[in-house]
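Student: Sharing my_file04.csv (CSV, C-alpha atoms) below.
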chain,number,residue,atom,x,y,z
A,13,MET,CA,14.4,33.8,-1.1
A,14,THR,CA,15.6,36.2,1.5
A,15,GLU,CA,14.8,33.7,4.3
A,16,ARG,CA,17.3,31.2,3.0
A,17,ARG,CA,20.3,32.7,4.9
A,18,ARG,CA,20.2,33.9,8.5
A,19,GLY,CA,23.7,35.2,8.1
A,20,GLY,CA,27.1,34.2,9.3
A,21,ARG,CA,29.0,31.0,9.8
A,22,ASP,CA,26.4,29.5,12.1
A,23,ALA,CA,23.7,29.6,9.5
A,24,GLU,CA,26.0,28.0,6.9
A,25,GLU,CA,26.8,25.2,9.3
A,26,GLY,CA,23.2,24.7,10.2
A,27,ALA,CA,22.3,24.5,6.5
A,28,HIS,CA,24.9,21.9,5.7
A,29,GLY,CA,26.2,20.1,8.7
A,30,ALA,CA,23.6,17.4,9.0
A,31,ARG,CA,22.7,16.8,5.4
A,32,THR,CA,23.5,13.1,5.3
A,33,PRO,CA,22.5,10.9,2.3
A,34,GLU,CA,19.6,9.6,4.4
A,35,VAL,CA,18.4,13.2,5.1
A,36,VAL,CA,18.8,14.1,1.4
A,37,ASP,CA,16.7,11.2,0.3
A,38,ALA,CA,14.1,11.8,3.0
A,39,TRP,CA,13.9,15.5,2.1
A,40,ASP,CA,13.3,14.7,-1.6
A,41,GLU,CA,10.5,12.3,-0.7
A,42,LEU,CA,9.0,14.9,1.7
A,43,VAL,CA,9.0,17.5,-1.0
A,44,ALA,CA,7.4,15.1,-3.5
A,45,THR,CA,4.7,14.2,-1.0
A,46,ALA,CA,4.0,17.9,-0.3
A,47,ARG,CA,3.7,18.6,-4.0
A,48,ARG,CA,1.3,15.6,-4.3
A,49,THR,CA,-1.0,17.1,-1.7
A,50,VAL,CA,-1.4,20.2,-4.0
A,51,ALA,CA,-1.7,18.1,-7.2
A,52,ASP,CA,-4.4,15.9,-5.6
A,53,GLY,CA,-6.4,18.9,-4.3
A,54,LEU,CA,-5.8,18.2,-0.6
A,55,VAL,CA,-4.3,21.7,0.0
A,56,VAL,CA,-4.4,25.1,-1.6
A,57,GLY,CA,-1.3,27.3,-1.9
A,58,THR,CA,0.9,26.7,1.1
A,59,SER,CA,-1.8,25.4,3.5
A,60,GLY,CA,-1.1,22.0,5.1
A,61,ASN,CA,2.4,20.6,5.9
A,62,VAL,CA,4.4,17.4,5.8
A,63,SER,CA,7.1,16.0,8.1
A,64,VAL,CA,9.3,12.9,8.3
A,65,ARG,CA,11.5,11.6,11.1
A,66,VAL,CA,15.1,10.6,10.4
A,67,GLY,CA,16.7,9.4,13.6
A,68,ASP,CA,16.2,12.3,16.1
A,69,THR,CA,15.7,14.8,13.4
A,70,VAL,CA,12.3,15.8,12.1
A,71,LEU,CA,12.3,17.2,8.6
A,72,VAL,CA,9.4,19.6,8.0
A,73,THR,CA,8.1,21.8,5.2
A,74,PRO,CA,8.9,25.5,5.8
A,75,THR,CA,6.3,28.1,6.5
A,76,GLY,CA,4.9,30.2,3.7
A,77,VAL,CA,7.0,28.7,0.8
A,78,PRO,CA,5.2,27.2,-2.2
A,79,TYR,CA,6.2,23.6,-2.5
A,80,GLY,CA,7.1,24.0,-6.2
A,81,ARG,CA,9.9,26.3,-5.1
A,82,LEU,CA,11.5,24.0,-2.7
A,83,ALA,CA,15.0,22.7,-3.8
A,84,PRO,CA,17.2,20.0,-2.4
A,85,GLY,CA,19.3,22.6,-0.5
A,86,ASP,CA,16.2,23.9,1.3
A,87,ALA,CA,15.9,21.1,3.9
A,88,VAL,CA,14.5,22.2,7.2
A,89,GLY,CA,15.1,20.1,10.3
A,90,VAL,CA,14.4,20.3,14.0
A,91,ASP,CA,15.0,18.1,17.0
A,92,LEU,CA,12.2,16.7,19.1
A,93,ASP,CA,12.2,19.8,21.3
A,94,GLY,CA,11.7,22.0,18.3
A,95,ARG,CA,15.2,23.4,18.1
A,96,GLN,CA,16.2,24.0,14.5
A,97,THR,CA,19.2,21.9,13.5
A,98,LEU,CA,19.1,22.1,9.8
A,99,GLY,CA,18.5,24.8,7.2
A,100,SER,CA,17.6,28.5,7.6
A,101,LEU,CA,14.0,28.6,6.3
A,102,ARG,CA,11.6,28.8,9.2
A,103,PRO,CA,9.7,25.5,10.0
A,104,THR,CA,5.9,25.2,9.5
A,105,SER,CA,3.7,27.1,12.0
A,106,GLU,CA,2.1,23.7,12.8
A,107,LEU,CA,5.4,22.3,14.2
A,108,PRO,CA,3.8,21.7,17.7
A,109,MET,CA,1.3,19.2,16.1
A,110,HIS,CA,4.0,17.3,14.3
A,111,LEU,CA,6.3,17.1,17.3
A,112,ALA,CA,3.4,16.0,19.5
A,113,VAL,CA,2.8,13.1,17.3
A,114,TYR,CA,6.4,12.0,17.2
A,115,ARG,CA,6.7,12.3,21.0
A,116,ALA,CA,3.5,10.3,21.6
A,117,THR,CA,3.7,7.6,18.9
A,118,ASP,CA,6.2,5.5,16.9
A,119,ALA,CA,5.2,7.5,13.7
A,120,ARG,CA,7.9,8.2,11.1
A,121,ALA,CA,5.8,10.6,9.0
A,122,VAL,CA,3.0,13.1,9.4
A,123,VAL,CA,0.7,14.7,6.8
A,124,HIS,CA,-1.6,17.6,7.6
A,125,THR,CA,-4.0,18.9,5.0
A,126,HIS,CA,-7.0,21.3,4.5
A,127,ALA,CA,-8.8,18.7,2.4
A,128,ALA,CA,-12.2,20.2,1.5
A,129,HIS,CA,-14.6,17.3,2.2
A,130,ALA,CA,-12.9,16.3,5.4
A,131,THR,CA,-12.8,19.9,6.6
A,132,ALA,CA,-16.6,20.2,5.8
A,133,VAL,CA,-17.3,17.0,7.8
A,134,SER,CA,-15.3,18.5,10.7
A,135,THR,CA,-17.8,21.3,11.0
A,136,LEU,CA,-20.8,19.0,11.2
A,137,VAL,CA,-20.0,16.1,13.6
A,138,THR,CA,-17.8,15.1,16.4
A,139,GLU,CA,-16.9,11.8,14.7
A,140,LEU,CA,-17.0,10.7,11.1
A,141,PRO,CA,-20.0,8.4,10.8
A,142,LEU,CA,-19.1,4.8,9.9
A,143,ILE,CA,-19.9,5.1,6.2
A,144,HIS,CA,-17.2,2.6,5.1
A,145,TYR,CA,-15.1,-0.2,6.5
A,146,MET,CA,-11.8,1.6,5.7
A,147,ALA,CA,-12.2,3.4,8.9
A,148,GLY,CA,-10.9,0.2,10.4
A,149,ALA,CA,-7.5,0.8,8.6
A,150,LEU,CA,-7.3,4.1,10.6
A,151,GLY,CA,-7.8,2.3,14.0
A,152,GLY,CA,-11.6,2.9,14.2
A,153,PRO,CA,-14.1,5.7,14.0
A,154,VAL,CA,-12.3,8.9,13.1
A,155,ARG,CA,-12.7,11.5,15.8
A,156,VAL,CA,-12.9,15.3,15.4
A,157,ALA,CA,-10.4,17.3,17.5
A,158,PRO,CA,-12.1,20.4,19.0
A,159,TYR,CA,-11.2,23.7,17.4
A,160,ALA,CA,-8.1,25.6,18.6
A,161,THR,CA,-6.0,28.3,16.9
A,162,TYR,CA,-3.5,26.9,14.5
A,163,GLY,CA,0.0,26.5,15.6
A,164,THR,CA,-0.8,26.4,19.3
A,165,SER,CA,-0.1,23.8,22.0
A,166,GLU,CA,-3.9,23.7,22.6
A,167,LEU,CA,-4.5,22.4,19.1
A,168,ALA,CA,-1.7,19.9,19.5
A,169,GLU,CA,-3.2,18.6,22.7
A,170,ASN,CA,-6.7,18.4,21.2
A,171,MET,CA,-5.3,16.5,18.3
A,172,LEU,CA,-3.5,13.9,20.5
A,173,ARG,CA,-6.7,13.2,22.3
A,174,ALA,CA,-8.6,12.6,19.0
A,175,LEU,CA,-5.7,10.4,17.8
A,176,ALA,CA,-5.8,8.1,20.8
A,177,GLY,CA,-5.8,4.6,19.3
A,178,ARG,CA,-6.1,6.0,15.8
A,179,THR,CA,-3.7,6.9,13.0
A,180,ALA,CA,-5.8,9.9,11.7
A,181,CYS,CA,-8.2,12.5,12.9
A,182,LEU,CA,-10.2,15.5,11.8
A,183,LEU,CA,-9.4,19.0,13.1
A,184,GLN,CA,-12.6,21.0,13.6
A,185,ASN,CA,-13.0,23.8,11.1
A,186,HIS,CA,-9.4,23.1,10.0
A,187,GLY,CA,-8.5,19.9,8.2
A,188,THR,CA,-6.9,16.5,8.6
A,189,LEU,CA,-3.9,14.9,10.3
A,190,ALA,CA,-2.6,11.4,9.6
A,191,HIS,CA,0.6,9.6,10.6
A,192,GLY,CA,2.3,6.4,9.5
A,193,ALA,CA,5.4,4.4,9.3
A,194,SER,CA,6.4,6.2,6.1
A,195,LEU,CA,5.4,9.2,4.1
A,196,GLU,CA,3.5,6.9,1.6
A,197,GLN,CA,1.5,5.4,4.4
A,198,ALA,CA,0.7,8.7,6.0
A,199,TYR,CA,-0.4,10.1,2.7
A,200,ASP,CA,-2.5,7.1,1.9
A,201,ARG,CA,-4.3,7.4,5.2
A,202,THR,CA,-5.0,11.1,4.5
A,203,ALA,CA,-6.4,10.2,1.1
A,204,GLN,CA,-8.7,7.5,2.5
A,205,LEU,CA,-10.0,9.9,5.2
A,206,GLU,CA,-10.8,12.5,2.5
A,207,TRP,CA,-12.5,9.9,0.4
A,208,MET,CA,-14.6,8.6,3.2
A,209,SER,CA,-15.6,12.1,4.1
A,210,ARG,CA,-16.7,12.8,0.6
A,211,VAL,CA,-18.7,9.5,0.5
A,212,TRP,CA,-20.6,10.5,3.7
A,213,LEU,CA,-21.3,14.0,2.4
A,214,LEU,CA,-22.6,12.6,-0.9
A,215,ALA,CA,-24.8,10.0,0.8
A,216,SER,CA,-26.1,12.5,3.3
A,217,SER,CA,-27.1,15.0,0.6
A,218,VAL,CA,-29.9,12.8,-0.9
A,219,PRO,CA,-33.2,14.4,0.2
A,220,GLY,CA,-35.4,12.1,2.2
A,221,LEU,CA,-32.8,9.4,2.7
A,222,SER,CA,-30.2,8.6,5.3
A,223,PRO,CA,-27.1,6.6,4.6
A,224,THR,CA,-26.8,3.1,6.1
A,225,LEU,CA,-23.9,3.0,8.5
A,226,LEU,CA,-21.8,0.2,9.8
A,227,THR,CA,-22.0,-1.1,13.3
A,228,ARG,CA,-18.9,-1.1,15.6
A,229,GLU,CA,-18.9,-4.8,15.4
A,230,GLN,CA,-18.9,-4.8,11.6
A,231,LEU,CA,-16.1,-2.3,11.6
A,232,ALA,CA,-14.1,-4.4,14.0
A,233,GLN,CA,-14.5,-7.4,11.8
A,234,ALA,CA,-13.3,-5.5,8.8
A,235,GLY,CA,-10.4,-4.1,10.7
A,236,GLU,CA,-9.2,-7.6,11.6
A,237,ARG,CA,-9.3,-8.6,7.9
A,238,LEU,CA,-7.5,-5.4,6.8
A,239,ARG,CA,-4.5,-6.4,9.1
A,240,GLY,CA,-3.8,-9.3,6.7
A,241,TYR,CA,-4.5,-7.4,3.5
A,242,GLY,CA,-1.8,-7.0,0.8
A,243,GLN,CA,1.4,-8.8,0.0
A,244,PRO,CA,3.4,-10.5,2.7
A,245,GLY,CA,6.6,-8.7,3.6
A,246,PRO,CA,8.6,-7.2,6.5
A,247,ASP,CA,7.0,-3.7,6.1
A,248,PRO,CA,3.6,-3.8,4.4
A,249,ASP,CA,2.8,-0.2,3.5
A,250,GLY,CA,-0.3,1.9,2.8
A,251,VAL,CA,-3.9,1.4,3.5
A,252,ARG,CA,-5.3,0.9,0.1
A,253,ALA,CA,-8.8,-0.7,0.0
A,254,PRO,CA,-9.3,-4.2,-1.2
Would you give me this structure, written as structure tokens?

Tutor:
Amino acid sequence: MTERRRGGRDAEEGAHGARTPEVVDAWDELVATARRTVADGLVVGTSGNVSVRVGDTVLVTPTGVPYGRLAPGDAVGVDLDGRQTLGSLRPTSELPMHLAVYRATDARAVVHTHAAHATAVSTLVTELPLIHYMAGALGGPVRVAPYATYGTSELAENMLRALAGRTACLLQNHGTLAHGASLEQAYDRTAQLEWMSRVWLLASSVPGLSPTLLTREQLAQAGERLRGYGQPGPDPDGVRAP
């Protein structure tokens, strides 16, 4: 890959100076998560992107590089102002969205995809209809952020408004974004959003019938129960449905 070296001693130090064991482990998990988005059909090619925060460093997938080609030495990191501090491959073009999430929330990981069903829903409504109680695990009804050109601050601002009080949103004519306390949790939330979108599209496609939707009160009740779902522990992870 010709992008891998920007040349000179500065590039070499940037590529190796901050590669701590914690960063190495986080990068490996990030790459595995990115590859999973492809394997599960949530992205095609190099669309979508993944990031994880390690201290004040945000590790991100690089732009235009197939995930299957990423190696342990290809880690890309930036600070919260977007300055590259690790690696020589260029960060994802959607870096403004990822950094906006980290600045505004306590998220430790972000997953952005072009999942087909969720993207289809984003072109039809301004909020995913309450087809299933798992919306409660995402903070409530999932909003659609108005369209803006990818990679722009306008898109990042639209996304933050749609995310208010939520851990996931749809991006109009674009895809999904979810964040969490870990890569696993952010990925699980992404998968749940795509599944709910598919269920709504399937139910809505039956001629002459309209799907029954939950009320806000029913969703709130389910959301309360979901807070205690799973095994007890200091860091319950994921949003898997009971």

Student: Enter the distance from CA of Gln184 (chain A) to CA of Gly152 (chain A), in Å, rounded to one decimal.

Tutor: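 Computing the Euclidean distance for CA of Gln184 (chain A) and CA of Gly152 (chain A) yields 18.1 Å.
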
Student: Within 6 Å of (11.8, 17.9, 9.4) (file coordinates; only C-alpha atoms), which protein or nucleic acid residues are there? I'd like them as a list in words.

Tutor: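 Checked against the point, the hits come out as Ser63, Val64, Val70, Leu71, Val72, Val88, Gly89 and Val90 of chain A.
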
Student: Quick one: of A:Ala180, A:Val77, A:Met146, A:Leu101, who's nearest to Gln233 (chain A), counting only C-alpha atoms?

Tutor: A:Met146

Student: Tell me which of A:Leu221, A:Leu111, A:Leu205, A:Ala149 sits closest to Arg239 (chain A), counting all atoms listed in the file.

Tutor: A:Ala149

Student: Check the smallest atom-to-atom distance from each of A:Ala130, A:Leu175, A:Ala168, A:Ala203 to Gly151 (chain A) using all atoms listed in the file, then report the winner.

Tutor: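 Going through A:Ala130, A:Leu175, A:Ala168, A:Ala203 one by one, the smallest distance to Gly151 (chain A) is for A:Leu175.
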
Student: Using 10 Å as the limit and counting only C-alpha atoms, can you tabulate each residue of region 194-242 of chain A that touches region 44-51 of chain A, with its shortest atom-to-atom distance in Å and the two atoms involved, as JSON lines?

Tutor:
{"residue": "A:Leu195", "atom": "CA", "partner": "A:Thr45", "partner_atom": "CA", "distance": 7.2}
{"residue": "A:Glu196", "atom": "CA", "partner": "A:Thr45", "partner_atom": "CA", "distance": 7.8}
{"residue": "A:Ala198", "atom": "CA", "partner": "A:Thr45", "partner_atom": "CA", "distance": 9.8}
{"residue": "A:Tyr199", "atom": "CA", "partner": "A:Thr45", "partner_atom": "CA", "distance": 7.5}
{"residue": "A:Thr202", "atom": "CA", "partner": "A:Thr49", "partner_atom": "CA", "distance": 9.5}
{"residue": "A:Ala203", "atom": "CA", "partner": "A:Thr49", "partner_atom": "CA", "distance": 9.2}
